[in-house]
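Colleague: Sharing a structure here in structure tokens format.
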Amino acid sequence: MAKMTMVEAINLALRQEMARDERVVLLGQDIGPDGGVFRVTDGLFATYGERRVVDTPLAESAIVGMAIGMAIHGLRPVAEIQFSGFLYQAFHQLENHAARLRWRSRGRLSVPMVLRAPYGGGVRALEHHSESREAYWAHTPGLKVVIPSGPRNARALLVSALRDPDPVVFYEPKALYRAFREEVPEEEETLPLGQARVARPGSGPTMIAYGAMLLPTLEAAEVLAREDGVAAEVIDLRTIAPLDSETLAASVRKSGRAVIVHEAPLSFGPGAEIAASLMEEAFHYLEAPIERVAGFDLVIPYFSREKSYLPGVDRIVAAARRTLQF
Amino acid sequence: MGRTPLVPPEPIPHLSILDEHGRVDRQLEPAITDEVQRKMFRAMLLGRRFDEKMLELQRTGRIGTFPPIKGQEAAQIGSVIHLEERDWFVPSFRETAAEILRGRSMESVLLYYNGYNEGALLDATQRDLPMSIPVASQILHAVGLGWAASYRGSDEVVMAIFGDGATSEGDFHEALNCAAVFQTPVVFVCQNNHWAISIPLARQTRSRTIAEKALAYNMPALRVDGNDILAVYAATAEAVARARQGGGPTLIECVTYRIMMHTTADDPKKYRRDEEVEPWRQRDPLIRYGRYLAEKGVLGEEAARQVEEEVREEIRQAVEKAENTMRSLGDPLDMFDHVYAELPPRLRQQKEQLSRNLAAKEARHG
């Protein structure tokens, strides 16, 4: 097994799936000789050529719209949008078509495409390069939304997304692209979509996070163990939609307390949906109000103030303590 | 240094073969077999009569809102006639006649406009896409289909149809640009009917023609009298052949006119004068073509009458069949079908909940 960054692990998933399946083609901006602005597609152009690693004109709607047509024809396109903040120029293609063509055609057509885009803060980028708007896509019936939290699960989830019969929005936490390395097996590995994972077992409180927020949440659990003698259970959501409410509810039925962490703005964010689902499925087990630690209801500030915007260990620990002291 | 003239782009041909007075340009007149001529006439007539029938059904509350096609039959049939079964047709929403020629049943059109999703289900042999309502958005799918066709080494052709309003949308320009860059086998057919709901062409673009928009993308273009089926036929033959032989995309502008309202939900009297419409009624594509076929001896008076009767009967049967089918459709639980390949757990729960609610309601009302 090789120790890989998330960038390398995603590259491995693409490389192996392209080798396995001729139908897998990549399209996007600067993904060819340049290897993508984050180097995720590095070397793929050299191996597979411009026929399968397609640099497109600078047009997000065209990238997604063409991918839809390619998928309908039976290919497995992987569309890369350079930053998720530029995906809105293709919003209607996802909402009006990718998500609906199976439904509109009564199952005769399908759109098995993957839309990859880096999301989230933490890399000192300019405006429009740091947002976390996964809720838009999770709110769209017909789409699946997957967000990995480390190199190994990024690779396995992406392979599953590539083989999924429905369109998958695959948001990559760019803060984690090179944050750490993990053992990633060379041999095939997949992970089922729609399943959360207990990342750190414990008796409670339950702490739910995904993407780049998993690390500070695990750290917060460590602080709680050290300073409060509390064994928090941390759940890595991995798939935002469809939501694995069963795994979440099972943990909360045991712990009676829940803290939800995401960098997306608080109001109408994924945390609201998760909290509502816990009310439906674990209400009688709750010992305290559900806490949410999230981005503020603001545009994420330029990077000099970014750190104060993003949920950090202190805010997460404080929220967990509020649930414990209620 | 200096201010030098750049090479002017290629001139765009304008094609008119059969004019509104019935005169024919014998040199340009395409060689079309009698069989295909009759097929095209029948498809145009069916499109016209079905449109009229739907208006009647809508006005008496038997279907919902729909966009009439009257006056645009030549632009639709003269282009789509060139597609083979293996080709792809990517329509927007005012192409009923073309869709029917491609194999969509009138019954499905009626189901669609009466609010049944089942109406969007196309025949399994049809490679076409279902109607697309967001203006211009479907044009990019045609480019993707064309890209995939080339990737797979097939000689399939993709035809996208859209209106003049669509040419103001970014997706139109992105599609033309990408099709040209990738040389995909796509034929772009613009039905310039002069109106996008209440917005006239002059407010849509300052360009003198829509065809010239292709010049910026270094794409061949043709402008045709869209009410002249011979011109539409000839232009599209050229474009389809080019695409099929790997010569890349073409833009065709069919200059036609929306005789009726945008949809049955609006009243054109609010924004356009009838005097403007009248000359276009004189340019009716169906009357012109019928006269041409009669003079050519392809379709005599008696034969034309017979086609008229057949078409009316076919429509009558389709309406009857659709109304019968509607009686057996409408199970609310069907709305959960085909959202995903497999229904996720929370959707299963929602479906079960609705099922229980419906059962309880049924029990209450006995």
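Letters for chains follow the order of the structure tokens (A, B, ...), residue numbers begin at 1 for each chain, and ligand numbers begin at 1 in the order shown.
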Determine which residues of chain A sit within 6 Å of chain B, taking into account only C-alpha atoms, and present them as a PDB file with C-alpha atoms, in the first residue's frame.
Modeller:
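And here's part.pdb as it stands now:
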```pdb
ATOM      1  CA  ALA A  62     -21.369  23.528 -21.527  1.00  0.00           C
ATOM      2  CA  GLY A  65     -24.688  20.101 -20.417  1.00  0.00           C
ATOM      3  CA  MET A  66     -22.354  18.141 -22.669  1.00  0.00           C
ATOM      4  CA  ALA A  67     -21.692  15.617 -19.916  1.00  0.00           C
ATOM      5  CA  ILE A  68     -25.451  15.057 -19.730  1.00  0.00           C
ATOM      6  CA  GLY A  69     -25.604  14.302 -23.439  1.00  0.00           C
ATOM      7  CA  MET A  70     -22.575  12.018 -23.197  1.00  0.00           C
ATOM      8  CA  HIS A  73     -25.424   8.184 -24.971  1.00  0.00           C
ATOM      9  CA  ARG A 102     -34.427   9.589 -15.691  1.00  0.00           C
ATOM     10  CA  TRP A 103     -37.669  10.811 -14.160  1.00  0.00           C
ATOM     11  CA  SER A 105     -38.193   9.883 -19.513  1.00  0.00           C
ATOM     12  CA  ARG A 106     -39.931   7.423 -17.177  1.00  0.00           C
ATOM     13  CA  GLY A 107     -36.702   5.497 -16.679  1.00  0.00           C
ATOM     14  CA  GLY A 142     -32.544  13.049  -8.436  1.00  0.00           C
TER      15      GLY A 142
END
```
Colleague: Please return as an NGL selection string: the residues of range 135-281 of chain A that backbone DSSP assigns to helix (DSSP H, G or I).
Modeller: :A and (135-138 or 151-163 or 174-176 or 211-228 or 245-255 or 270-281)
Colleague: Tell me which protein, DNA and RNA residues are within 8 Å of Ser160 in chain A, counting only C-alpha atoms, leaving out same-chain ones fewer than 4 positions away, and put them as a ChimeraX atom specification.
Modeller: /A:156,164,190-193
Colleague: For CA of Glu84 in chain B and CA of Glu50 in chain A, determine how far apart the two atoms are, in Å to one decimal place.
Modeller: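 It comes out at 29.5 Å.
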Colleague: For Gln349 in chain B, which residue out of B:Pro68, B:Pro30, B:Leu333, B:Gln37 is the nearest one, using only C-alpha atoms?
Modeller: B:Leu333
Colleague: When you look at range 208-218 of chain A with a cut-off of 10 Å (counting only C-alpha atoms), what residues show up, excluding the ones that are within fewer than 5 positions of it in the same chain? I need them as number ranges by chain.
Modeller: A: 119-122, 146-150, 154, 171-177, 179, 196-200, 223-224, 232-240, 248, 251, 258-263, 271, 274, 292-294, 310-317
Colleague: Would you mind listing what lies within 7 Å of Leu266 in chain A as a ChimeraX atom specification, with only C-alpha atoms counted and same-chain residues fewer than 2 positions away left out?
Modeller: /A:264,268-269,294-297
Colleague: Can you list, as number ranges by chain, every residue of range 34-103 of chain A that DSSP puts in strand (DSSP E or B)?
Modeller: A: 53-55, 76-80
Colleague: Output C-alpha atoms for every residue in the selection just made, as a CSV table (one decimal), in the first residue's frame.
Modeller:
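The resulting out.csv:
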```
chain,number,residue,atom,x,y,z
A,53,VAL,CA,-9.1,13.8,-21.1
A,54,VAL,CA,-10.9,16.7,-22.7
A,55,ASP,CA,-10.0,20.3,-22.1
A,76,ARG,CA,-19.6,7.7,-18.0
A,77,PRO,CA,-18.5,11.3,-18.1
A,78,VAL,CA,-16.6,12.9,-15.2
A,79,ALA,CA,-17.1,16.6,-15.4
A,80,GLU,CA,-14.7,18.7,-13.4
```
Colleague: Write out as a PyMOL selection string each polymer residue whose atoms come within 6 Å of range 16-23 of chain B, counting only C-alpha atoms; drop sequence neighbours fewer than 6 positions from it.
Modeller: chain B and resi 225+228+231+283
Colleague: Which residue, A:Tyr309, A:Arg15, A:Asp21, A:Val64, has the smallest gap to Phe45 in chain A when you use only C-alpha atoms?
Modeller: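 The answer is A:Arg15, which sits nearest to Phe45 in chain A.
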Colleague: Write out as number ranges by chain which residues come within 8 Å of range 242-254 of chain B when counting only C-alpha atoms, dropping same-chain ones fewer than 3 positions away.
Modeller: B: 75, 155-157, 179-180, 183-192, 210-211, 214, 219-227, 232, 235-236, 238-239
Colleague: Taking only C-alpha atoms into account, which of A:Ser245, A:Leu58, A:Arg23, A:Arg116 comes nearest Leu158 in chain A?
Modeller: A:Arg116
Colleague: Of the candidates A:Leu286, A:Ala161, A:Ile10, A:Ala275, which one gets nearest to Gly194 in chain A if we count only C-alpha atoms?
Modeller: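 When distances to Gly194 in chain A are compared using only C-alpha atoms, the smallest one comes from A:Ala161.
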Colleague: Restricting the calculation to only C-alpha atoms, which member of B:Asn114, B:Gln76, B:Thr33, B:Asn324 is positioned closest to Ala97 in chain B?
Modeller: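 The shortest atom-to-atom distance to Ala97 in chain B comes from B:Gln76.
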Colleague: Between B:Gln58, B:Leu28, B:Phe162, B:Lys53, which has the minimum distance to His14 in chain B (counting only C-alpha atoms)?
Modeller: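 For His14 in chain B, the nearest of the given residues is B:Leu28.
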